[in-house]
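target.cif follows; it contains mmCIF, C-alpha atoms.
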data_query
loop_
_atom_site.label_atom_id
_atom_site.label_comp_id
_atom_site.auth_asym_id
_atom_site.auth_seq_id
_atom_site.Cartn_x
_atom_site.Cartn_y
_atom_site.Cartn_z
CA MET G 949 130.27 95.52 44.83
CA GLU G 950 133.24 94.51 42.65
CA TYR G 951 134.76 97.90 43.46
CA LEU G 952 134.43 97.26 47.20
CA ASP G 953 135.91 93.77 46.84
CA ARG G 954 139.23 95.22 45.86
CA GLU G 955 141.54 95.21 48.85
CA GLU G 956 143.27 98.47 47.91
CA LYS G 957 140.02 100.41 47.50
CA THR G 958 137.28 101.44 49.96
CA ILE G 959 134.66 104.14 50.27
CA SER G 960 135.17 107.21 52.40
CA LEU G 961 133.27 107.94 55.61
CA SER G 962 131.39 110.82 53.97
CA THR G 963 130.26 108.54 51.13
CA ALA G 964 129.04 105.97 53.63
CA LYS G 965 127.06 108.66 55.48
CA ARG G 966 125.42 109.86 52.25
CA TRP G 967 124.41 106.31 51.37
CA MET G 968 122.99 105.73 54.85
CA LYS G 969 120.79 108.83 54.45
CA LEU G 970 119.65 107.67 51.00
CA MET G 971 118.58 104.37 52.58
CA ASP G 972 116.48 106.27 55.18
CA TYR G 973 118.89 105.83 58.11
CA CYS G 974 119.73 108.66 60.49
CA TRP G 975 122.28 109.04 63.29
CA VAL G 976 120.35 109.07 66.59
CA ARG G 977 120.54 107.66 70.06
CA ASN G 978 119.15 104.18 70.52
CA HIS G 979 115.40 104.26 71.07
CA HIS G 980 114.40 102.51 74.29
CA GLY G 981 111.62 99.94 74.12
CA GLN G 982 110.20 97.82 76.92
CA TYR G 983 112.55 95.76 79.08
CA VAL G 984 113.07 92.14 78.06
CA ASP G 985 115.08 90.89 81.06
CA GLY G 986 112.93 88.18 82.61
CA HIS G 987 109.84 89.29 80.66
CA GLU G 988 109.23 85.89 79.10
CA ARG G 989 110.61 83.79 81.96
CA ASP G 990 108.47 80.71 82.56
CA ASP G 991 107.35 81.62 86.08
CA VAL G 992 106.63 85.22 85.07
CA VAL G 993 104.56 84.19 82.03
CA ASP G 994 102.70 81.62 84.13
CA TYR G 995 101.71 84.27 86.69
CA ARG G 996 100.80 86.77 83.94
CA GLN G 997 98.60 84.36 81.98
CA ASN G 998 97.10 82.18 84.70
CA VAL G 999 96.78 84.54 87.65
CA PHE G 1000 97.00 88.22 86.77
CA LEU G 1001 95.06 88.28 83.47
CA ARG G 1002 92.36 85.97 84.78
CA LYS G 1003 91.76 88.12 87.85
CA TRP G 1004 91.85 91.29 85.73
CA ALA G 1005 89.30 89.85 83.27
CA ALA G 1006 87.01 88.92 86.16
CA GLU G 1007 87.04 92.52 87.46
CA GLU G 1008 87.27 94.48 84.20
CA GLY G 1009 83.51 94.65 83.65
CA LYS G 1010 83.13 96.65 86.87
CA MET G 1011 85.72 99.26 85.85
CA CYS G 1012 84.99 102.55 84.12
CA SER G 1013 86.05 103.18 80.52
CA TRP G 1014 86.37 106.37 78.49
CA GLY G 1015 84.76 107.66 75.31
CA THR G 1016 86.25 109.23 72.20
CA ASN G 1017 86.78 112.52 74.02
CA LEU G 1018 88.09 110.69 77.10
CA GLU G 1019 84.86 111.29 79.01
CA GLU G 1020 84.15 108.71 81.68
CA ILE G 1021 81.73 105.89 80.84
CA CYS G 1022 80.61 103.66 83.68
CA SER G 1023 77.75 101.15 83.56
CA ALA G 1024 78.42 99.43 86.89
CA GLU G 1025 76.13 100.37 89.77
CA TRP G 1026 79.08 100.06 92.16
CA PRO G 1027 82.17 100.86 90.03
CA LEU G 1028 85.62 99.48 90.74
CA CYS G 1029 88.43 102.03 90.84
CA VAL G 1030 91.92 100.64 90.22
CA TRP G 1031 94.91 102.36 91.83
CA PHE G 1032 98.37 101.64 90.42
CA HIS G 1033 101.45 102.16 92.62
CA ASP G 1034 105.10 102.76 91.84
CA GLU G 1035 108.18 104.78 92.78
CA SER G 1036 110.49 106.97 90.70
CA THR G 1037 113.59 109.08 91.39
CA PHE G 1038 114.21 112.61 90.13
CA TYR G 1039 117.73 114.08 90.00
CA ALA G 1040 118.73 117.74 90.31
CA ASN G 1041 121.04 117.66 87.26
CA ASP G 1042 118.72 115.68 85.00
CA ARG G 1043 118.26 117.94 81.99
CA ARG G 1044 117.51 117.54 78.29
CA LYS G 1045 120.38 116.01 76.34
CA SER G 1046 119.20 117.12 72.89
CA ARG G 1047 118.13 120.61 71.84
CA TRP G 1048 118.38 123.12 69.03
CA VAL G 1049 121.42 125.43 69.29
CA HIS G 1050 122.79 128.15 67.06
CA LYS G 1051 125.86 127.32 65.02
CA ASN G 1052 127.88 129.95 66.90
CA THR G 1053 126.95 128.58 70.32
CA SER G 1054 129.95 127.45 72.33
CA ALA G 1055 130.09 124.72 74.94
CA THR G 1056 129.00 125.77 78.41
CA PRO G 1057 130.12 124.25 81.73
CA TYR G 1058 127.74 121.78 83.31
CA ALA G 1059 127.43 120.03 86.64
CA LYS G 1060 129.19 116.68 86.95
CA GLY G 1061 127.09 113.78 88.19
CA GLU G 1062 123.38 113.47 88.73
CA GLY G 1063 123.23 115.76 91.75
CA ALA G 1064 120.81 115.50 94.65
CA SER G 1065 118.02 112.97 94.29
CA LEU G 1066 114.44 112.80 95.51
CA MET G 1067 112.30 109.70 95.28
CA VAL G 1068 108.53 109.91 94.91
CA ALA G 1069 106.10 107.06 95.61
CA ASP G 1070 102.48 107.54 94.66
CA PHE G 1071 99.20 105.93 93.63
CA ILE G 1072 97.37 106.84 90.44
CA SER G 1073 94.00 106.09 88.89
CA ALA G 1074 92.72 106.99 85.42
CA ASP G 1075 89.40 107.81 87.09
CA HIS G 1076 90.62 110.34 89.68
CA GLY G 1077 94.28 111.07 88.91
CA TRP G 1078 96.94 111.12 91.64
CA LEU G 1079 95.60 109.77 94.92
CA GLN G 1080 94.50 112.76 96.99
CA SER G 1081 91.27 113.89 98.58
CA PRO G 1082 88.96 115.99 96.33
CA ASP G 1083 89.85 119.13 98.28
CA GLY G 1084 93.57 118.41 97.92
CA LYS G 1085 94.23 118.56 101.67
CA GLU G 1086 95.22 114.89 101.99
CA SER G 1087 97.53 112.97 99.70
CA ALA G 1088 99.08 109.51 99.60
CA ARG G 1089 102.22 110.84 97.90
CA VAL G 1090 105.52 110.20 99.69
CA LEU G 1091 108.69 112.17 98.97
CA PHE G 1092 111.75 110.30 100.18
CA LYS G 1093 115.45 111.21 100.27
CA ALA G 1094 116.90 107.78 99.69
CA GLY G 1095 120.37 107.00 101.02
CA LYS G 1096 122.15 105.68 104.09
CA SER G 1097 123.04 109.16 105.34
CA ARG G 1098 119.61 110.61 104.46
CA ASP G 1099 116.19 109.01 105.05
CA GLY G 1100 117.40 105.44 104.66
CA TYR G 1101 115.61 103.31 102.08
CA PHE G 1102 111.97 102.84 101.09
CA SER G 1103 111.28 99.53 102.80
CA ASN G 1104 108.22 97.34 103.28
CA GLU G 1105 107.34 99.29 106.41
CA GLU G 1106 107.17 102.57 104.46
CA ILE G 1107 105.11 100.95 101.68
CA LEU G 1108 102.68 99.52 104.23
CA ALA G 1109 102.33 102.90 105.99
CA GLN G 1110 101.68 104.62 102.66
CA CYS G 1111 99.06 102.03 101.74
CA GLN G 1112 97.33 102.49 105.10
CA LYS G 1113 97.04 106.21 104.44
CA ALA G 1114 95.89 105.60 100.86
CA MET G 1115 93.15 103.25 102.04
CA ASP G 1116 91.87 105.82 104.52
CA ILE G 1117 91.72 108.50 101.82
CA VAL G 1118 89.94 106.44 99.13
CA GLN G 1119 87.32 105.08 101.50
CA ALA G 1120 86.59 108.53 102.92
CA SER G 1121 86.62 110.33 99.55
CA TRP G 1122 84.84 107.78 97.33
CA PRO G 1123 82.67 105.64 99.62
CA ASN G 1124 80.34 104.62 96.76
CA GLU G 1125 83.10 102.85 94.85
CA ASP G 1126 85.04 99.65 95.32
CA HIS G 1127 88.82 99.99 95.20
CA MET G 1128 91.66 97.76 94.09
CA PHE G 1129 95.37 98.43 94.65
CA MET G 1130 97.87 97.23 92.07
CA PRO G 1131 101.47 97.37 93.34
CA LYS G 1132 104.25 96.14 91.09
CA GLY G 1133 105.85 92.72 91.43
CA ILE G 1134 104.63 89.41 92.77
CA PRO G 1135 105.09 89.19 96.56
CA ARG G 1136 108.13 87.17 97.48
CA ASN G 1137 107.64 83.55 98.42
CA ARG G 1138 107.22 83.69 102.18
CA THR G 1139 108.24 80.08 102.85
CA ASN G 1140 111.86 80.73 103.82
CA TRP G 1141 112.99 79.31 107.12
CA ASP G 1142 115.31 82.08 108.38
CA VAL G 1143 113.10 85.15 108.47
CA GLU G 1144 115.33 88.21 108.78
CA VAL G 1145 114.27 91.83 108.60
CA THR G 1146 116.10 95.12 108.89
CA ALA G 1147 116.51 96.21 112.51
CA ARG G 1148 114.96 99.57 113.42
CA ASN G 1149 114.98 101.76 116.50
CA SER G 1150 111.96 103.05 118.43
CA VAL G 1151 111.31 105.85 115.91
CA GLY G 1152 111.56 103.60 112.87
CA LYS G 1153 115.10 104.50 111.74
CA ILE G 1154 117.38 101.77 110.42
CA ILE G 1155 120.07 100.56 112.80
CA TYR G 1156 123.49 100.25 111.15
CA GLY G 1157 126.31 97.99 112.27
CA ALA G 1158 130.00 98.85 112.68
CA ASP G 1159 130.57 97.91 109.02
CA GLY G 1160 128.07 100.51 107.86
CA LYS G 1161 125.52 97.92 106.70
CA PRO G 1162 121.95 97.72 108.03
CA SER G 1163 121.65 95.38 111.01
CA LYS G 1164 119.34 92.39 110.78
CA THR G 1165 117.03 90.84 113.32
CA LYS G 1166 115.04 87.62 113.18
CA ILE G 1167 111.30 87.48 113.63
CA ARG G 1168 109.19 84.41 114.35
CA MET G 1169 106.92 82.98 111.71
CA ALA G 1170 103.21 82.60 112.34
CA ASN G 1171 101.71 79.18 112.98
CA GLY G 1172 100.95 76.81 110.14
CA THR G 1173 97.67 74.94 109.70
CA LEU G 1174 97.23 71.17 109.91
CA GLN G 1175 94.80 69.23 107.73
CA ASP G 1176 92.17 69.20 110.49
CA GLY G 1177 92.31 73.01 110.63
CA SER G 1178 94.15 73.25 113.93
CA ALA G 1179 97.18 75.49 114.40
CA GLN G 1180 100.65 74.04 113.96
CA PRO G 1181 103.35 75.89 115.93
CA LEU G 1182 106.63 76.02 114.02
CA TYR G 1183 108.76 76.43 117.18
CA PHE G 1184 109.22 74.07 120.12
CA PRO G 1185 106.85 74.94 123.01
CA GLU G 1186 107.66 76.00 126.56
CA GLY G 1187 109.13 73.23 128.68
CA HIS G 1188 110.78 71.53 125.72
CA ALA G 1189 114.55 71.02 125.78
CA CYS G 1190 114.78 73.24 122.65
CA GLU G 1191 112.17 75.77 123.77
CA GLY G 1192 111.68 78.58 121.21
CA VAL G 1193 113.86 76.89 118.55
CA PHE G 1194 112.53 76.35 115.03
CA LYS G 1195 111.42 72.70 114.68
CA GLY G 1196 112.95 72.16 111.26
CA MET G 1197 111.37 71.04 108.01
CA ALA G 1198 111.49 67.30 108.76
CA ALA G 1199 109.66 67.63 112.08
CA ILE G 1200 107.02 69.92 110.56
CA LEU G 1201 106.38 67.46 107.72
CA GLU G 1202 106.12 64.53 110.15
CA GLU G 1203 103.46 66.46 112.08
CA CYS G 1204 101.62 66.93 108.78
CA GLY G 1205 101.41 63.15 108.37
CA TYR G 1206 104.29 62.43 105.99
CA GLY G 1207 105.80 59.74 108.24
CA ASP G 1208 109.51 59.31 108.95
CA MET G 1209 111.45 62.12 107.20
CA SER G 1210 114.87 61.32 108.67
CA LYS G 1211 116.18 59.91 105.37
CA VAL G 1212 114.76 62.62 103.10
CA ARG G 1213 117.26 65.28 102.02
CA ALA G 1214 116.67 68.86 103.16
CA GLU G 1215 116.78 70.29 99.61
CA CYS G 1216 117.97 69.31 96.15
CA LYS G 1217 121.37 70.55 95.10
CA PRO G 1218 122.56 72.83 93.69
CA ASN G 1219 120.49 75.81 94.77
CA PHE G 1220 117.20 74.00 95.28
CA THR G 1221 117.15 72.57 91.73
CA CYS G 1222 114.50 69.84 91.78
CA LYS G 1223 113.64 67.60 88.84
CA PRO G 1224 110.49 68.79 87.03
CA GLY G 1225 107.30 67.03 88.02
CA ILE G 1226 108.67 65.45 91.21
CA LEU G 1227 106.90 66.76 94.31
CA ASN G 1228 108.48 64.71 97.11
CA CYS G 1229 112.18 64.81 96.25
CA CYS G 1230 113.20 66.89 99.28
CA CYS G 1231 111.76 68.44 102.44
CA ARG G 1232 111.83 71.94 101.04
CA ARG G 1233 109.88 70.99 97.91
CA MET G 1234 107.29 69.13 99.96
CA LEU G 1235 106.77 72.14 102.22
CA TYR G 1236 106.54 74.43 99.19
CA ASN G 1237 103.56 72.38 98.05
CA GLU G 1238 101.74 72.56 101.39
CA ALA G 1239 98.70 74.84 101.09
CA ASP G 1240 99.34 76.71 104.34
CA PHE G 1241 102.86 77.60 103.18
CA VAL G 1242 102.00 78.45 99.57
CA ASN G 1243 98.93 80.55 100.32
CA VAL G 1244 100.31 82.65 103.16
CA LYS G 1245 99.31 86.26 102.55
CA SER G 1246 101.78 89.13 102.79
CA THR G 1247 101.37 91.88 105.37
CA LEU G 1248 100.17 94.21 102.62
CA GLU G 1249 97.50 91.73 101.50
CA LEU G 1250 96.32 91.27 105.09
CA ALA G 1251 96.09 95.06 105.56
CA CYS G 1252 94.03 95.46 102.39
CA ASP G 1253 91.74 92.60 103.38
CA ALA G 1254 91.11 94.26 106.75
CA HIS G 1255 89.94 97.42 104.94
CA GLY G 1256 87.85 95.57 102.35
CA ILE G 1257 90.13 96.67 99.52
CA ARG G 1258 91.19 94.25 96.81
CA ILE G 1259 94.79 93.85 95.76
CA LEU G 1260 96.33 92.43 92.58
CA PHE G 1261 100.08 92.37 92.06
CA LEU G 1262 101.39 93.28 88.61
CA PRO G 1263 103.65 90.70 86.93
CA LYS G 1264 107.38 91.21 87.31
CA PHE G 1265 109.24 92.97 84.46
CA HIS G 1266 105.96 94.25 82.95
CA CYS G 1267 106.23 98.03 83.28
CA GLU G 1268 104.05 98.39 80.15
CA LEU G 1269 101.06 97.20 82.21
CA ASN G 1270 101.50 99.98 84.78
CA PHE G 1271 100.55 103.25 83.10
CA ILE G 1272 102.08 105.26 85.95
CA GLU G 1273 105.41 104.58 84.19
CA GLN G 1274 104.30 106.79 81.29
CA CYS G 1275 103.16 109.44 83.77
CA TRP G 1276 106.65 109.41 85.30
CA GLY G 1277 108.11 109.89 81.82
CA HIS G 1278 105.68 112.72 81.08
CA ALA G 1279 106.52 114.44 84.35
CA LYS G 1280 110.28 114.09 83.80
CA ARG G 1281 109.98 115.66 80.35
CA ILE G 1282 108.36 118.70 81.98
CA TYR G 1283 110.87 118.62 84.84
CA ARG G 1284 113.84 118.79 82.44
CA GLN G 1285 112.49 122.05 81.03
CA LYS G 1286 112.72 123.74 84.44
CA PRO G 1287 115.65 126.10 85.15
CA PRO G 1288 118.68 124.13 86.40
CA SER G 1289 119.35 124.34 90.13
CA SER G 1290 121.36 122.38 92.68
CA SER G 1291 119.01 123.35 95.51
CA GLU G 1292 117.04 120.49 97.08
CA GLY G 1293 114.19 122.95 97.67
CA ASP G 1294 113.99 123.70 93.94
CA LEU G 1295 114.23 119.98 93.21
CA GLU G 1296 111.15 119.28 95.33
CA LYS G 1297 109.18 122.24 93.95
CA ASN G 1298 109.99 121.38 90.33
CA LEU G 1299 109.16 117.72 90.92
CA ILE G 1300 105.72 118.51 92.36
CA ASP G 1301 104.98 121.00 89.57
CA ALA G 1302 105.97 118.41 86.96
CA LEU G 1303 103.75 115.71 88.50
CA ASP G 1304 100.79 118.08 88.74
CA SER G 1305 101.19 118.92 85.03
CA VAL G 1306 100.00 115.41 84.08
CA THR G 1307 96.25 115.79 83.48
CA VAL G 1308 93.59 113.12 84.00
CA GLU G 1309 92.91 113.13 80.24
CA GLN G 1310 96.55 112.28 79.53
CA MET G 1311 96.47 109.58 82.21
CA ARG G 1312 93.50 107.98 80.47
CA LYS G 1313 95.41 107.84 77.18
CA TYR G 1314 98.28 106.08 78.94
CA ALA G 1315 95.83 103.75 80.69
CA TRP G 1316 94.30 102.74 77.33
CA ARG G 1317 97.78 101.80 76.10
CA SER G 1318 98.31 99.55 79.13
CA ARG G 1319 94.94 97.91 78.56
CA ARG G 1320 95.87 97.23 74.91
CA PHE G 1321 98.92 95.36 76.18
CA MET G 1322 96.71 93.34 78.52
CA ASN G 1323 94.40 92.53 75.61
CA ALA G 1324 97.41 91.44 73.56
CA TYR G 1325 98.59 89.06 76.27
CA GLN G 1326 95.04 87.71 76.62
CA LYS G 1327 95.23 86.80 72.92
CA GLY G 1328 98.41 84.83 73.59
CA LEU G 1329 100.97 87.30 72.22
CA THR G 1330 104.53 87.46 73.51
CA GLY G 1331 106.11 90.69 74.75
CA LYS G 1332 107.71 91.46 71.36
CA GLN G 1333 104.48 90.72 69.49
CA ALA G 1334 102.43 92.78 71.93
CA ALA G 1335 104.74 95.78 71.48
CA TRP G 1336 104.40 95.56 67.68
CA ALA G 1337 100.62 95.15 67.74
CA THR G 1338 100.06 97.88 70.33
CA LYS G 1339 102.07 100.37 68.28
CA LYS G 1340 100.24 99.50 65.05
CA TYR G 1341 96.80 99.76 66.62
CA ARG G 1342 97.59 102.67 68.91
CA GLY G 1343 94.22 104.30 68.15
CA HIS G 1344 92.28 101.18 69.12
CA ARG G 1345 91.02 100.18 72.53
CA VAL G 1346 91.37 96.46 71.84
CA LEU G 1347 93.31 94.56 69.20
CA PRO G 1348 91.43 92.97 66.26
CA ASN G 1349 91.12 89.19 66.07
CA SER G 1350 93.17 89.27 62.85
CA VAL G 1351 96.30 90.37 64.72
CA LEU G 1352 97.74 86.84 64.89
CA THR G 1353 97.51 86.51 61.11
CA GLU G 1354 99.17 89.90 60.67
CA LEU G 1355 101.98 88.90 63.02
CA GLU G 1356 102.56 85.74 61.02
CA ILE G 1357 102.71 87.72 57.77
CA ALA G 1358 105.13 90.21 59.34
CA GLY G 1359 107.29 87.33 60.58
CA ILE G 1360 107.19 88.46 64.22
#

As structure tokens:
Amino acid sequence: MEYLDREEKTISLSTAKRWMKLMDYCWVRNHHGQYVDGHERDDVVDYRQNVFLRKWAAEEGKMCSWGTNLEEICSAEWPLCVWFHDESTFYANDRRKSRWVHKNTSATPYAKGEGASLMVADFISADHGWLQSPDGKESARVLFKAGKSRDGYFSNEEILAQCQKAMDIVQASWPNEDHMFMPKGIPRNRTNWDVEVTARNSVGKIIYGADGKPSKTKIRMANGTLQDGSAQPLYFPEGHACEGVFKGMAAILEECGYGDMSKVRAECKPNFTCKPGILNCCCRRMLYNEADFVNVKSTLELACDAHGIRILFLPKFHCELNFIEQCWGHAKRIYRQKPPSSSEGDLEKNLIDALDSVTVEQMRKYAWRSRRFMNAYQKGLTGKQAAWATKKYRGHRVLPNSVLTELEIAGI
């Protein structure tokens, strides 16, 4: 250290590299762990702990598990099959970045950019694999060429249509099982007052404006519900001077029995920032606390209810709970080993081959990992702690009760 303190002296780069190797360091790309953006945000943690995990625990006893050799074990008379949903994009020029080469190998030209893309949206279950009928003739998989000049974008309408087809397949193929869909992300709060959706033509294609952006159109909100159970129209009725116009938050609250709302502000500034614990500071906050606004179901939830299929949304920013993410990674590893090609036909063929290479046994291994994360969060662990514990006990189905003590010892 005294040698290094001298201003005129320093070690060479080669010496530094040798010392790094002696200290068990190696020069590699950064290893990617789970995402942390928003993972421990208050509203996300609240949904994960108080909604998602509680509903999962209530249903878990009806689900199948797997033995040491990944054979299916099911004690429920009417088992519950859980179907996870997600999308992923494959690129034509996505190839392995690291490989063994001979010392005399010279650099070869390669394609610039990612090339053509193809998005795949699918359902998966550790009980049955990718969602398709047993004979393979029907599948819920959707291949989509995303882009303004291609197939547009995978919107709520496409997701709903895919779910409708998925529901038809699972109920026809496995009628002796209950089913639960698990899409990613909490549904958006549906209590906004200016409901705008993307405009579409008669065949479902997006309508673009002169500026090249998708056109928007407004749709009317459904009626609310008053305390006596009667319907509360949110727009002025026929014959009124403002026929068809939205009544406004103040008028709606007055109809709900809040009295004169003329002196209550529309919303707290800036950006709807209300003081914690105050429920009547502004019209918007008061409406947000009304049961008929808070508990409005999304179109997807209503569709599942109509088919008798349960639905549970995964928490935001929690890709580790959706084991289909690992199946995407597995498939992309196989895809990158395929011969390079700029053809969209080859892209689709290679993508399908890569997805079909993921076996049900491998899916069950990935599903166990996701369940270990759920068990970690049920024990009160944070995302960082759960990642550490899940890696240490990767051969276990659940984490031991001593994990909190071990985390404290490890200083995590």

Exercise. Hey, which of G:Lys1195, G:Asp1116, G:Tyr1325, G:Asp1301 ends up closest to Ala1254 (chain G)? Count only C-alpha atoms.
Worked result: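 Checking each of G:Lys1195, G:Asp1116, G:Tyr1325, G:Asp1301 against Ala1254 (chain G), counting only C-alpha atoms, the winner is G:Asp1116.
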
Exercise. Within 12 Å of Ala1179 (chain G), counting all atoms listed in the file, which residues qualify if same-chain residues fewer than 5 places away don't, as JSON, numbers by chain?
Worked result: {"G": [1170, 1171, 1172, 1173, 1174, 1200, 1203, 1204, 1240]}

Problem set entry | Straight-line distance linking CA of Ile1360 (chain G) with CA of Asp991 (chain G), stated in Å to one decimal |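 Value for the CA of Ile1360 (chain G)-CA of Asp991 (chain G) distance: 22.9 Å.
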
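The smallest atom-to-atom distance between Pro1263 (chain G) and any of G:Met1130, G:Ala1147, G:Ala1358, G:Ala964, using all atoms listed in the file, is found for G:Met1130.
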
Problem set entry | Pick from G:His1266, G:Lys1286, G:His1050, G:Arg1168 nearest to Pro1181 (chain G), counting all atoms listed in the file | G:Arg1168
